[in-house]
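Trainee: Structure provided below as structure tokens; questions to follow.
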Amino acid sequence: MQAKQSIREKANWAWGKAIWTWLPASDREAGDSIVRNFLLHWFPAKVSRESLSWNYSFWLGTISAILFLILTVTGTFLMFLYVPSVERAYLSVKDLEYTVSFGWFLRGLHRISAHLMVAVVFLHMVRVFLTAAYKNGAAVNQNRPVNWIVGVVLLLVTLFLSFTGYLLPWDQLAYWAITVGTNIASAAPVAGEWMRFILLGGNTIEQNTLIRFYVLHCFFLPLIVLALFSYHMWRVRKDGGLACVDKEALAQKKEKVAPIKSKTYSLLGITSGVTVHVETSLVDEDKHTVQSSPNLTRRLLLVTLATLAVASILTFIFHAPLEEPANPAITPNPAKAPWYFLWLQELVTITTFSIGGFTINGALIGGIIVPGILVAAAILWPYFDKSPARSTGVWFAKERRRQNMIFLLVVLFILVLTIVGTFLRGPYWNFYWPWESWPEMPRKF
Amino acid sequence: MKSRKSWLDKFRSKGETEQAKLNRIKAEILAEDAEPHANKTSRRSFLTRLGVGATLAALAGQAFAYLRSLKPNVLYEEPQKFKVGAPDQFGEGGKFLEDKRLFVFKERNTFYAISASCTHLGCTVKMQKLNQPKKVRTRKREFEEQYEFHCPCHGSKYYGDGTNYAGPAPRPLDYFKLEVSPDDGQLIVDMSQVVDQNFRLTV
């Protein structure tokens, strides 16, 4: 009996030792846990309530990261089961669907997570814009605009990751989506044809293309995402956390409360302004902040669980399609790019027109000029946003109404074109309402 | 030691007298005041356990599915059992089937098959014709051999019946089961079935 109890005590002790950083019993343990736990070390010891709230950030950045994690894990397993050769790629995907245990689930979850990631990263960008979270607050040494640019690049890399993955099943859907997608890229002036040639490793989509896309998809691009993501997170810490924290600091200044004691050892008179570290430590901790462990970690766990659950459930609902093997001789009609590029394909179609004998090339306008301008505008926007610092971290700030309107119009424009391209375009890219049936088309040409 | 009150206990307490019931409730209230929440699993800790349990269950489920996918259900390997030709196509003595790494021997009307895979580390052994017949005595039998098997990798040597006698090889070469196909009379080798050295198929 005595021995039994001591084993039990030992087990309790070991369990406590293993989880105390996740369930600290005191404020002191909570502070220690951030320092002592490798997985928690990148969090601040304390975090503001506002940045933990569900409806400030909607946790979209976190969800993107979790989706990336799901994609990395499922992708690693898929790499064991997929063969990147023209002869065997399709057959190995077919085996995944029909003979490998849970192969359909791995592939389906990977695909759904990829689609979700494109959507969530985009929504994250929309959130950051509408809350002016790319703006610096009152502290010096903040550089949120740079983090915004990193975010824009991360969105582009995410799109490219999804695009390169699209080819790998080597079925008709994959083959023709990539054909259409890469043809849009070839419309770029001067370098377009060359770019397509290098990307495809030739003039047509063949073995060279498959292995290039495979290596880009499985190694090169994830590595870039990982590097940029690390920097993205580091910058968030350097910039004093989410932008809503700055709002709190500013609000507190207006309240004219007695100054809060903070440890600062600055060379007064030499440095100008207040650094991020001082500025954020000026926020009334008792009123506005909580311990990161377990308050932040608990929500992180919940978001992880919810993301995994939603992605898994969607996997059961939407089965990953697998059409006939890729056949360069049979073009499906209509041939569509991946859904997130359909607004570009739509743009390419509607911007092709002739005035007299002069034809305007839609691929140039819709494929290169418009998206080029949009990306450039996104990158430069923070430097032209002259709204006051108090709009930082505020949803739909009064001072930024016009900016938000313009941004939302562009978002709406992209969404409408995407929806038209996805649901309302039939053979020969003709317009069809969802209730109209498409005409019978010959299967072979 | 405090016992946990479940809904069942409350249900059971229906039979008690009014006074006893009052006393019990009083005692419960006093105990609760002395040490709040001591008797119950609080909603918070229940939800925490539920959350952690759900997370672990979800991760375990996903991990099982991922790992299970790595155990192949279908193999595209060469079959272990295959036809090697009609018995009358074989001349007296041994024939080496290169792509199967296999020797098929004919002695008058009997057949047997010996693996060419060295039992040391799997190199392909070579059949060495001897200049003159050699008398050999193994633990099992005595015979006169015309040839031997020599491994080029690490110098293992086998007598004509496959018994190892020199080099690092730990055991004799494998003998495989032979049978006659019922449909066309060809010989069938089953490399998944290792048989005794005395195995002979009589045709």
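Residue names in the structure tokens use chain letters A, B, ... in the order shown, residue numbers from 1 in each chain, and ligand numbers from 1 in the order shown.
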For chain B, which residues have at least one atom within 10 Å of chain A, if we go by only C-alpha atoms? Write them as a list of chain:residue names, please.

Mentor: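 Applying the cut-off to the listed atoms yields B:Thr48, B:Gly51, B:Val52, B:Ala54, B:Thr55, B:Leu56, B:Ala58, B:Leu59, B:Gln62, B:Ala63, B:Phe64, B:Ala65, B:Tyr66, B:Leu67, B:Arg68, B:Ser69, B:Leu70, B:Lys71, B:Pro72, B:Asn73, B:Val74.
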
Trainee: Would you kindly return, as a PDB file with C-alpha atoms, in the first residue's frame, each protein, DNA or RNA residue with an atom no farther than 7 Å from any atom of range 381-383 of chain A, considering only C-alpha atoms and excluding same-chain residues fewer than 4 positions away?

Mentor:
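This is the output file result_38.pdb:
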```
ATOM      1  CA  TYR A 134       0.548  48.331 -40.689  1.00  0.00           C
ATOM      2  CA  LYS A 135       0.914  51.750 -39.072  1.00  0.00           C
ATOM      3  CA  PRO A 145       5.268  48.825 -42.793  1.00  0.00           C
ATOM      4  CA  ALA A 377       0.092  49.694 -54.411  1.00  0.00           C
TER       5      ALA A 377
END
```

Trainee: Using the chain letters and numbers from this document, which residues of range 200-366 of chain A does DSSP assign to strand (DSSP E), as a VMD selection string?

Mentor: chain A and resid 289 to 291 353 to 355 358 to 360

Trainee: Name the residues in contact with range 422-433 of chain A at a cut-off of 9 Å, using only C-alpha atoms, excluding same-chain residues fewer than 3 positions from it; report them as an NGL selection string.

Mentor: :A and (332-336 or 339 or 342-343 or 346 or 349 or 417-419 or 436-439 or 441)

Trainee: Would you please work out which residue, of B:Gly160, B:Pro170, B:Gly61, B:Gly122, is nearest to Phe105 in chain B when using only C-alpha atoms?

Mentor: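 Distance minimum relative to Phe105 in chain B lands on B:Gly160.
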